[in-house]
Amino acid sequence: MSELPLEAYYDLTQVGELAVSPDGDRVAFTTTEYDERADESVGSLFVAPTDGSRDPHRLTRVDGAGSPAW
């Protein structure tokens, strides 16, 4: 296995915590992305339908986004 080039590191999105809605129709989840210009990580909170019928919707983009709950 070869090493990941440094430039590719900034293209990665790491999925963190998740919570499924009580009715099971949606999932909230956190991500961490990396801002190359600022050289820092940025957290986001997303919501998406569990059936995949739509793309995830970003609710917020702030450092420390975490612990989604319904």
# chains A, B, ... in the order shown; residues from 1 in each chain; ligands from 1

$ residues_around --residues "Tyr34 in chain A" --least-positions-apart "6" --cutoff "10 Å" --atoms "only C-alpha atoms" --output "ChimeraX atom specification"
/A:9-14,40-43

$ select_by_dssp --residues "chain A" --states "strand (DSSP E)" --output "NGL selection string"
:A and (13-20 or 26-35 or 40-49 or 57-61)

$ write_last_selection --atoms "N, CA, C and O atoms" --output "short mmCIF file (atom, residue, chain, number, x, y, z; two decimals), in the first residue's frame"
data_model
loop_
_atom_site.label_atom_id
_atom_site.label_comp_id
_atom_site.auth_asym_id
_atom_site.auth_seq_id
_atom_site.Cartn_x
_atom_site.Cartn_y
_atom_site.Cartn_z
N THR A 13 -13.07 13.61 3.88
CA THR A 13 -14.14 13.97 4.81
C THR A 13 -14.31 12.80 5.76
O THR A 13 -14.59 11.68 5.32
N GLN A 14 -14.16 13.07 7.02
CA GLN A 14 -14.29 12.03 8.04
C GLN A 14 -15.67 12.12 8.67
O GLN A 14 -16.06 13.18 9.18
N VAL A 15 -16.44 11.04 8.62
CA VAL A 15 -17.76 11.00 9.26
C VAL A 15 -17.56 10.62 10.72
O VAL A 15 -16.82 9.70 11.04
N GLY A 16 -18.22 11.37 11.58
CA GLY A 16 -18.07 11.15 13.02
C GLY A 16 -19.30 10.50 13.63
O GLY A 16 -19.75 9.44 13.19
N GLU A 17 -19.91 11.18 14.56
CA GLU A 17 -21.07 10.66 15.28
C GLU A 17 -22.33 10.76 14.44
O GLU A 17 -22.43 11.60 13.57
N LEU A 18 -23.31 9.88 14.74
CA LEU A 18 -24.59 9.95 14.05
C LEU A 18 -25.72 9.61 14.99
O LEU A 18 -25.52 8.99 16.03
N ALA A 19 -26.92 10.06 14.60
CA ALA A 19 -28.14 9.78 15.36
C ALA A 19 -29.28 9.61 14.37
O ALA A 19 -29.47 10.45 13.49
N VAL A 20 -30.02 8.53 14.52
CA VAL A 20 -31.17 8.26 13.66
C VAL A 20 -32.41 8.87 14.32
O VAL A 20 -32.59 8.75 15.53
N ARG A 26 -34.76 9.89 9.04
CA ARG A 26 -33.61 10.77 8.82
C ARG A 26 -32.46 10.38 9.74
O ARG A 26 -32.65 9.75 10.77
N VAL A 27 -31.28 10.79 9.32
CA VAL A 27 -30.09 10.60 10.13
C VAL A 27 -29.35 11.92 10.20
O VAL A 27 -29.25 12.64 9.21
N ALA A 28 -28.90 12.27 11.40
CA ALA A 28 -28.05 13.44 11.60
C ALA A 28 -26.65 12.92 11.84
O ALA A 28 -26.47 11.93 12.55
N PHE A 29 -25.66 13.57 11.25
CA PHE A 29 -24.30 13.11 11.44
C PHE A 29 -23.32 14.27 11.36
O PHE A 29 -23.60 15.29 10.76
N THR A 30 -22.18 14.07 11.98
CA THR A 30 -21.13 15.07 11.95
C THR A 30 -20.04 14.65 10.99
O THR A 30 -19.86 13.45 10.72
N THR A 31 -19.34 15.63 10.46
CA THR A 31 -18.18 15.37 9.62
C THR A 31 -17.04 16.30 10.04
O THR A 31 -17.27 17.34 10.66
N THR A 32 -15.84 15.90 9.68
CA THR A 32 -14.68 16.76 9.82
C THR A 32 -14.01 16.84 8.46
O THR A 32 -13.74 15.80 7.84
N GLU A 33 -13.82 18.05 7.99
CA GLU A 33 -13.12 18.31 6.73
C GLU A 33 -11.91 19.17 7.05
O GLU A 33 -11.81 19.71 8.15
N TYR A 34 -11.03 19.30 6.11
CA TYR A 34 -9.79 20.02 6.37
C TYR A 34 -9.64 21.19 5.39
O TYR A 34 -9.74 21.00 4.19
N ASP A 35 -9.46 22.36 5.94
CA ASP A 35 -9.32 23.59 5.16
C ASP A 35 -7.83 23.83 4.92
O ASP A 35 -7.08 24.14 5.84
N GLU A 40 -6.52 23.97 9.04
CA GLU A 40 -7.23 23.53 10.24
C GLU A 40 -8.40 22.64 9.85
O GLU A 40 -8.84 22.64 8.70
N SER A 41 -8.91 21.93 10.82
CA SER A 41 -10.08 21.10 10.57
C SER A 41 -11.35 21.91 10.86
O SER A 41 -11.34 22.81 11.68
N VAL A 42 -12.42 21.54 10.15
CA VAL A 42 -13.70 22.21 10.31
C VAL A 42 -14.78 21.15 10.45
O VAL A 42 -14.87 20.23 9.64
N GLY A 43 -15.59 21.27 11.49
CA GLY A 43 -16.67 20.32 11.72
C GLY A 43 -17.97 20.80 11.10
O GLY A 43 -18.19 22.01 10.96
N SER A 44 -18.83 19.87 10.72
CA SER A 44 -20.14 20.19 10.16
C SER A 44 -21.17 19.21 10.70
O SER A 44 -20.84 18.09 11.09
N LEU A 45 -22.42 19.66 10.70
CA LEU A 45 -23.55 18.83 11.08
C LEU A 45 -24.47 18.73 9.87
O LEU A 45 -24.84 19.76 9.28
N PHE A 46 -24.81 17.51 9.48
CA PHE A 46 -25.66 17.25 8.32
C PHE A 46 -26.89 16.47 8.74
O PHE A 46 -26.88 15.76 9.75
N VAL A 47 -27.95 16.57 7.92
CA VAL A 47 -29.14 15.72 8.04
C VAL A 47 -29.42 15.16 6.65
O VAL A 47 -29.30 15.87 5.65
N ALA A 48 -29.78 13.87 6.61
CA ALA A 48 -30.08 13.22 5.33
C ALA A 48 -31.19 12.20 5.55
O ALA A 48 -31.31 11.62 6.63
N PRO A 49 -32.00 11.96 4.50
CA PRO A 49 -33.00 10.90 4.60
C PRO A 49 -32.30 9.54 4.59
O PRO A 49 -31.31 9.35 3.88
N HIS A 57 -28.08 17.48 3.80
CA HIS A 57 -28.22 18.93 3.93
C HIS A 57 -27.34 19.40 5.10
O HIS A 57 -27.51 18.92 6.23
N ARG A 58 -26.41 20.31 4.82
CA ARG A 58 -25.53 20.83 5.87
C ARG A 58 -26.31 21.84 6.72
O ARG A 58 -26.83 22.81 6.21
N LEU A 59 -26.36 21.59 8.02
CA LEU A 59 -27.04 22.50 8.93
C LEU A 59 -26.10 23.56 9.48
O LEU A 59 -26.51 24.69 9.73
N THR A 60 -24.86 23.18 9.71
CA THR A 60 -23.90 24.12 10.28
C THR A 60 -22.49 23.70 9.90
O THR A 60 -22.24 22.53 9.62
N ARG A 61 -21.59 24.66 9.90
CA ARG A 61 -20.18 24.40 9.65
C ARG A 61 -19.40 25.22 10.67
O ARG A 61 -19.14 26.40 10.47
#

$ atom_distance --atom1 "CA of Glu3 in chain A" --atom2 "CA of Glu36 in chain A"
18.9 Å

$ closest_residue --among "A:Thr50, A:Met1, A:Val62, A:Asp39" --to "Ser21 in chain A" --atoms "only C-alpha atoms"
A:Thr50

$ closest_residue --among "A:Asp63, A:Pro68, A:Asp25, A:Leu6" --to "Asp51 in chain A" --atoms "only C-alpha atoms"
A:Asp25
